[in-house]
Amino acid sequence: MNSNDKSLTVSSHISEERIIPEKNKQGPFQTVKTAVSNMNRNARALVFLEPLFGIPHTMYIGYLTLYMLALGLSKAQVGIVTSLGLIANFVFASVSAYTADKLGRKKTIIIFDLISWSVAQLIWAFADRFSHFVIAYIINASVQLVGNAFVCTMLEDNKPEDRVNIYNFIQISGIVAGFFAPVGALLISRLTLIPAMRVMQLIGFTMITSQIIIRHLLISETSVGIRKMSQMKQVKVWQVFSAYIPAFKRIINNKLLVLILLLRSLNHIQLTIRNTYLAVLVTEHLGFTPGSMSLFYTVNSVVVLFVLLFISPLLAKITGRWPVIIGIVMHIASTVILLVSPQTQNYYLLILSAILIAAGTGITTPYIDAFAANTISDEDRAASNSVMSMAMMLLSTPFGYIGGVLSELDARAPFLLTFAIFILCLVLLYFIIRREKRTLTVT
């Protein structure tokens, strides 16, 4: 490791430690108020408008796989749709830095949010065959262009020590939407699955399109975005890939960042499998009705909100990586419960599993995201985020199809895979902790 890479590792460690204060004398509500006041206008607009996206998304997301199966797709075809979507995510991620820098963060967000969500949801609303879902998933994958610009807009012009709070609040804004999950179940009970899903997609189109327009009026271009647009005036799309080479080298040469990237990738893989095949496990193997999924998502929302508001501030006083370890252990326990639950509609075990998944997500996700965010400088953020997103998509791509094949064999099989993934996450955390201790020893 050369001196530049060593300094990057050290600075990332210092920045990361700064977001975990040694003492927090404020009460939880005062802490929330302080955290909100420290966020700039862009971050507040992105965070507090998120429920307009989250409400319809939470209503239908748990039923999307069941919707495809009800329209005649096989589980393997669902897996193919998921994997093709991940490939498209990879392609769009490869040019996300270019669009964020060339068009600016603000323009990129509105253009590709309208394409990736408004257009895709209209297709989902009227889809009735395999090819329709393939097209919708590919169009929806252009959200990768939004994701890079969204993160840049959310983080740039904010202090590094405030970023973990921004990630917490973006989660909270999305989680609040989870309380509307029973609306989806109610629609399904009244209309049956397919008509209800079509209605939910049209509701989503209306709410999300409104959010995109309102948000565009509130946010402004970041200082880094203005500078990048000026620098990119004469740069062509094919030239941007040359910027990935130094960004890729910086990531590869930073062993700590490589480990964090692998950890984020494994987390993305398990989320892909869980989001796609959880409804299949709950309905086909555990014997619940499709509407029961709303209970799972409502419990998930309540618990994650509680964790982020009250548990995370307490865990923030703990030095080291124990909060992440605790979160992963909760995921493992939840997976075991789902695997061993009897096929008798045991609501107690379903709720316990939902609680553990929610608590694990609420604890681990902000920490893992902050690890990477504070390891990357603002000047390198667009290119580095793009490279990291591409790597995550590439590593995740086969697992949509693998999950489908496993689900054809047994509805529990994809979750045996997620169990193994969580064990690998613990192994990676062990090496991350060793790398951080070695860095401290060297310095």
# chains A, B, ... in the order shown; residues from 1 in each chain; ligands from 1
>>> residues_around(residues="Met229 in chain A", least_positions_apart="2", cutoff="7 Å", atoms="only C-alpha atoms", output="compact mmCIF listing (two decimals) with N, CA, C and O atoms, in the first residue's frame")
# COMPACT_ATOMS: atom_id res chain seq x y z
N ASP A 101 -22.31 13.88 -13.35
CA ASP A 101 -21.37 14.99 -13.52
C ASP A 101 -21.68 15.83 -14.76
O ASP A 101 -21.53 17.05 -14.75
N LYS A 102 -22.12 15.19 -15.84
CA LYS A 102 -22.38 15.89 -17.09
C LYS A 102 -23.67 16.71 -17.01
O LYS A 102 -23.71 17.89 -17.37
N LEU A 103 -24.75 16.07 -16.59
CA LEU A 103 -26.04 16.75 -16.52
C LEU A 103 -26.22 17.52 -15.22
O LEU A 103 -27.06 18.42 -15.15
N GLY A 104 -25.45 17.16 -14.21
CA GLY A 104 -25.66 17.72 -12.88
C GLY A 104 -26.54 16.79 -12.08
O GLY A 104 -27.33 16.01 -12.63
N GLY A 225 -21.38 19.47 -7.72
CA GLY A 225 -22.06 19.24 -8.99
C GLY A 225 -21.84 20.37 -9.98
O GLY A 225 -21.61 20.14 -11.18
N ILE A 226 -21.89 21.63 -9.50
CA ILE A 226 -21.64 22.78 -10.37
C ILE A 226 -20.22 22.73 -10.94
O ILE A 226 -20.00 22.97 -12.14
N ARG A 227 -19.27 22.41 -10.07
CA ARG A 227 -17.88 22.33 -10.51
C ARG A 227 -17.68 21.20 -11.52
O ARG A 227 -16.99 21.36 -12.53
N GLN A 231 -16.43 21.16 -15.56
CA GLN A 231 -15.30 20.34 -16.00
C GLN A 231 -15.69 19.36 -17.10
O GLN A 231 -14.84 18.96 -17.90
N MET A 232 -16.95 18.97 -17.15
CA MET A 232 -17.39 17.91 -18.06
C MET A 232 -17.96 18.43 -19.38
O MET A 232 -18.43 17.65 -20.19
N LYS A 233 -17.91 19.74 -19.61
CA LYS A 233 -18.54 20.31 -20.80
C LYS A 233 -18.04 19.68 -22.10
O LYS A 233 -18.81 19.47 -23.04
>>> residues_around(residues="range 114-116 of chain A", least_positions_apart="6", cutoff="6 Å", atoms="only C-alpha atoms", output="JSON, numbers by chain")
{"A": [139, 140, 142, 143]}
>>> atom_distance(atom1="CA of Ser334 in chain A", atom2="CA of Gly360 in chain A")
9.1 Å
>>> closest_residue(among="A:Thr344, A:Asn165, A:Thr99, A:Ser118", to="Lys236 in chain A", atoms="only C-alpha atoms")
A:Thr99
>>> residues_around(residues="Ile252 in chain A", least_positions_apart="4", cutoff="12 Å", atoms="only C-alpha atoms", output="list in words")
Met1, Asp5, Tyr244, Ile245, Pro246, Ala247, Phe248, Leu256, Leu257, Val258, Leu259, Ile260, Leu261, Leu262, Ser384, Val387, Met388 and Ala391 of chain A
>>> write_last_selection(atoms="all heavy atoms", output="tab-separated table (two decimals), in the first residue's frame")
chain	number	residue	atom	x	y	z
A	1	MET	N	0.85	-1.20	0.00
A	1	MET	CA	0.00	0.00	0.00
A	1	MET	C	0.87	1.23	0.00
A	1	MET	O	1.78	1.36	0.81
A	1	MET	CB	-0.90	-0.01	1.25
A	1	MET	CG	-1.87	1.15	1.31
A	1	MET	SD	-2.84	1.17	2.85
A	1	MET	CE	-3.78	-0.32	2.64
A	5	ASP	N	-2.63	5.72	-0.34
A	5	ASP	CA	-3.66	4.78	0.05
A	5	ASP	C	-3.73	4.63	1.56
A	5	ASP	O	-4.80	4.46	2.14
A	5	ASP	CB	-3.40	3.41	-0.59
A	5	ASP	CG	-3.52	3.47	-2.10
A	5	ASP	OD1	-4.36	4.25	-2.59
A	5	ASP	OD2	-2.78	2.76	-2.78
A	244	TYR	N	-12.88	5.69	-14.50
A	244	TYR	CA	-13.11	4.54	-13.64
A	244	TYR	C	-11.82	3.80	-13.31
A	244	TYR	O	-11.75	3.11	-12.30
A	244	TYR	CB	-14.09	3.57	-14.30
A	244	TYR	CG	-15.49	4.09	-14.45
A	244	TYR	CD1	-16.34	3.64	-15.46
A	244	TYR	CD2	-15.99	5.04	-13.57
A	244	TYR	CE1	-17.63	4.12	-15.59
A	244	TYR	CE2	-17.28	5.53	-13.69
A	244	TYR	CZ	-18.09	5.06	-14.71
A	244	TYR	OH	-19.37	5.54	-14.82
A	245	ILE	N	-10.84	3.92	-14.20
A	245	ILE	CA	-9.59	3.18	-13.98
A	245	ILE	C	-8.89	3.64	-12.71
A	245	ILE	O	-8.59	2.81	-11.84
A	245	ILE	CB	-8.66	3.31	-15.21
A	245	ILE	CG1	-9.33	2.66	-16.43
A	245	ILE	CG2	-7.30	2.65	-14.92
A	245	ILE	CD1	-8.58	2.86	-17.72
A	246	PRO	N	-8.64	4.96	-12.51
A	246	PRO	CA	-8.03	5.37	-11.24
A	246	PRO	C	-8.96	5.12	-10.05
A	246	PRO	O	-8.48	4.78	-8.95
A	246	PRO	CB	-7.77	6.86	-11.42
A	246	PRO	CG	-8.61	7.30	-12.57
A	246	PRO	CD	-8.75	6.11	-13.45
A	247	ALA	N	-10.29	5.28	-10.24
A	247	ALA	CA	-11.23	5.01	-9.14
A	247	ALA	C	-11.17	3.53	-8.76
A	247	ALA	O	-11.15	3.18	-7.58
A	247	ALA	CB	-12.64	5.40	-9.54
A	248	PHE	N	-11.11	2.67	-9.78
A	248	PHE	CA	-11.01	1.22	-9.53
A	248	PHE	C	-9.70	0.90	-8.81
A	248	PHE	O	-9.68	0.11	-7.86
A	248	PHE	CB	-11.09	0.47	-10.86
A	248	PHE	CG	-10.95	-1.01	-10.73
A	248	PHE	CD1	-12.02	-1.79	-10.27
A	248	PHE	CD2	-9.77	-1.65	-11.05
A	248	PHE	CE1	-11.90	-3.16	-10.15
A	248	PHE	CE2	-9.63	-3.03	-10.94
A	248	PHE	CZ	-10.70	-3.78	-10.48
A	256	LEU	N	-9.11	-2.17	3.04
A	256	LEU	CA	-10.27	-2.00	3.91
A	256	LEU	C	-11.53	-1.72	3.09
A	256	LEU	O	-12.59	-2.28	3.34
A	256	LEU	CB	-10.02	-0.85	4.90
A	256	LEU	CG	-11.19	-0.51	5.85
A	256	LEU	CD1	-11.55	-1.72	6.71
A	256	LEU	CD2	-10.83	0.69	6.71
A	257	LEU	N	-11.40	-0.87	2.06
A	257	LEU	CA	-12.55	-0.55	1.21
A	257	LEU	C	-13.00	-1.76	0.42
A	257	LEU	O	-14.20	-1.96	0.20
A	257	LEU	CB	-12.20	0.61	0.28
A	257	LEU	CG	-13.36	1.19	-0.55
A	257	LEU	CD1	-14.51	1.61	0.35
A	257	LEU	CD2	-12.89	2.37	-1.38
A	258	VAL	N	-12.07	-2.61	0.00
A	258	VAL	CA	-12.43	-3.84	-0.71
A	258	VAL	C	-13.28	-4.74	0.19
A	258	VAL	O	-14.30	-5.29	-0.24
A	258	VAL	CB	-11.16	-4.60	-1.17
A	258	VAL	CG1	-11.53	-6.00	-1.67
A	258	VAL	CG2	-10.46	-3.83	-2.27
A	259	LEU	N	-12.87	-4.87	1.45
A	259	LEU	CA	-13.63	-5.69	2.39
A	259	LEU	C	-15.03	-5.11	2.62
A	259	LEU	O	-16.02	-5.85	2.69
A	259	LEU	CB	-12.87	-5.79	3.71
A	259	LEU	CG	-11.56	-6.60	3.68
A	259	LEU	CD1	-10.81	-6.45	5.00
A	259	LEU	CD2	-11.83	-8.07	3.39
A	260	ILE	N	-15.10	-3.79	2.73
A	260	ILE	CA	-16.40	-3.14	2.93
A	260	ILE	C	-17.28	-3.33	1.70
A	260	ILE	O	-18.49	-3.56	1.80
A	260	ILE	CB	-16.21	-1.65	3.24
A	260	ILE	CG1	-15.55	-1.48	4.61
A	260	ILE	CG2	-17.55	-0.91	3.24
A	260	ILE	CD1	-15.11	-0.06	4.91
A	261	LEU	N	-16.67	-3.24	0.50
A	261	LEU	CA	-17.41	-3.46	-0.74
A	261	LEU	C	-17.97	-4.88	-0.78
A	261	LEU	O	-19.13	-5.09	-1.17
A	261	LEU	CB	-16.50	-3.22	-1.94
A	261	LEU	CG	-17.07	-3.61	-3.32
A	261	LEU	CD1	-18.35	-2.85	-3.61
A	261	LEU	CD2	-16.04	-3.35	-4.41
A	262	LEU	N	-17.18	-5.87	-0.38
A	262	LEU	CA	-17.65	-7.25	-0.36
A	262	LEU	C	-18.79	-7.41	0.65
A	262	LEU	O	-19.77	-8.12	0.38
A	262	LEU	CB	-16.50	-8.20	0.00
A	262	LEU	CG	-15.42	-8.37	-1.07
A	262	LEU	CD1	-14.27	-9.20	-0.52
A	262	LEU	CD2	-15.99	-9.02	-2.33
A	384	SER	N	-16.32	6.78	-7.83
A	384	SER	CA	-16.15	5.66	-6.90
A	384	SER	C	-17.48	4.98	-6.60
A	384	SER	O	-17.56	3.74	-6.56
A	384	SER	CB	-15.50	6.14	-5.60
A	384	SER	OG	-14.19	6.61	-5.84
A	387	VAL	N	-18.29	2.83	-9.63
A	387	VAL	CA	-17.50	1.60	-9.67
A	387	VAL	C	-18.02	0.60	-8.63
A	387	VAL	O	-18.17	-0.59	-8.91
A	387	VAL	CB	-16.01	1.91	-9.44
A	387	VAL	CG1	-15.22	0.62	-9.23
A	387	VAL	CG2	-15.44	2.68	-10.63
A	388	MET	N	-18.29	1.10	-7.43
A	388	MET	CA	-18.77	0.21	-6.38
A	388	MET	C	-20.16	-0.35	-6.72
A	388	MET	O	-20.43	-1.53	-6.47
A	388	MET	CB	-18.80	0.95	-5.04
A	388	MET	CG	-17.42	1.31	-4.51
A	388	MET	SD	-17.44	2.14	-2.91
A	388	MET	CE	-17.84	0.76	-1.83
A	391	ALA	N	-19.72	-3.07	-9.30
A	391	ALA	CA	-19.19	-4.29	-8.68
A	391	ALA	C	-20.29	-5.03	-7.93
A	391	ALA	O	-20.41	-6.27	-8.03
A	391	ALA	CB	-18.04	-3.93	-7.74
>>> residues_around(residues="Gly184 in chain A", least_positions_apart="6", cutoff="8 Å", atoms="only C-alpha atoms", output="ChimeraX atom specification")
/A:59-60,196,200,291,294
>>> atom_distance(atom1="CA of Leu73 in chain A", atom2="CA of Tyr277 in chain A")
13.8 Å
>>> residues_around(residues="Val119 in chain A", least_positions_apart="3", cutoff="12 Å", atoms="only C-alpha atoms", output="PDB file with C-alpha atoms, in the first residue's frame")
ATOM      1  CA  ILE A 111     -35.103  12.820 -15.823  1.00  0.00           C
ATOM      2  CA  PHE A 112     -34.275   9.294 -14.785  1.00  0.00           C
ATOM      3  CA  ASP A 113     -36.633   9.126 -11.812  1.00  0.00           C
ATOM      4  CA  LEU A 114     -39.505   9.810 -14.236  1.00  0.00           C
ATOM      5  CA  ILE A 115     -38.232   7.067 -16.548  1.00  0.00           C
ATOM      6  CA  SER A 116     -37.262   4.476 -13.943  1.00  0.00           C
ATOM      7  CA  LEU A 122     -47.351   2.078 -15.879  1.00  0.00           C
ATOM      8  CA  ILE A 123     -45.918  -1.044 -17.540  1.00  0.00           C
ATOM      9  CA  TRP A 124     -46.274  -3.062 -14.312  1.00  0.00           C
ATOM     10  CA  ALA A 125     -49.863  -1.852 -13.982  1.00  0.00           C
ATOM     11  CA  PHE A 126     -50.883  -3.365 -17.337  1.00  0.00           C
ATOM     12  CA  ILE A 135     -39.052  -4.540 -20.104  1.00  0.00           C
ATOM     13  CA  ALA A 136     -40.321  -2.998 -16.854  1.00  0.00           C
ATOM     14  CA  TYR A 137     -37.396  -4.316 -14.824  1.00  0.00           C
ATOM     15  CA  ILE A 138     -34.863  -3.074 -17.395  1.00  0.00           C
ATOM     16  CA  ILE A 139     -36.457   0.385 -17.471  1.00  0.00           C
ATOM     17  CA  ASN A 140     -36.631   0.432 -13.669  1.00  0.00           C
ATOM     18  CA  ALA A 141     -32.897  -0.379 -13.571  1.00  0.00           C
ATOM     19  CA  SER A 142     -32.156   3.127 -14.862  1.00  0.00           C
ATOM     20  CA  VAL A 143     -32.736   4.112 -11.235  1.00  0.00           C
ATOM     21  CA  GLN A 201     -49.201   0.440  -9.411  1.00  0.00           C
ATOM     22  CA  LEU A 202     -51.437   3.282 -10.606  1.00  0.00           C
ATOM     23  CA  GLY A 204     -47.671   4.468  -7.106  1.00  0.00           C
ATOM     24  CA  PHE A 205     -47.429   6.196 -10.465  1.00  0.00           C
ATOM     25  CA  THR A 206     -49.458   9.146  -9.157  1.00  0.00           C
ATOM     26  CA  ILE A 208     -44.128   8.981  -7.013  1.00  0.00           C
ATOM     27  CA  THR A 209     -44.514  11.279 -10.015  1.00  0.00           C
TER      28      THR A 209
END
>>> residues_around(residues="range 363-371 of chain A", least_positions_apart="2", cutoff="9 Å", atoms="only C-alpha atoms", output="ChimeraX atom specification")
/A:12-13,16,19,163-168,171,257,260,263-264,267,304,307-308,311-312,315,321,323-328,358-361,373-375
>>> atom_distance(atom1="CA of Arg41 in chain A", atom2="CA of Leu218 in chain A")
8.1 Å
>>> closest_residue(among="A:Leu217, A:Ile212, A:Thr222, A:Asn300", to="Gly362 in chain A", atoms="only C-alpha atoms")
A:Asn300
>>> select_by_dssp(residues="range 82-213 of chain A", states="alpha helix (DSSP H)", output="VMD selection string")
chain A and resid 82 to 94 96 to 102 105 to 113 120 to 126 130 to 140 143 to 155 163 to 176 181 to 191 193 to 213
>>> residues_around(residues="Ser94 in chain A", least_positions_apart="4", cutoff="7 Å", atoms="only C-alpha atoms", output="ChimeraX atom specification")
/A:90,386,390
>>> closest_residue(among="A:Met68, A:Leu416, A:Ile332, A:Val95", to="Arg198 in chain A", atoms="only C-alpha atoms")
A:Met68
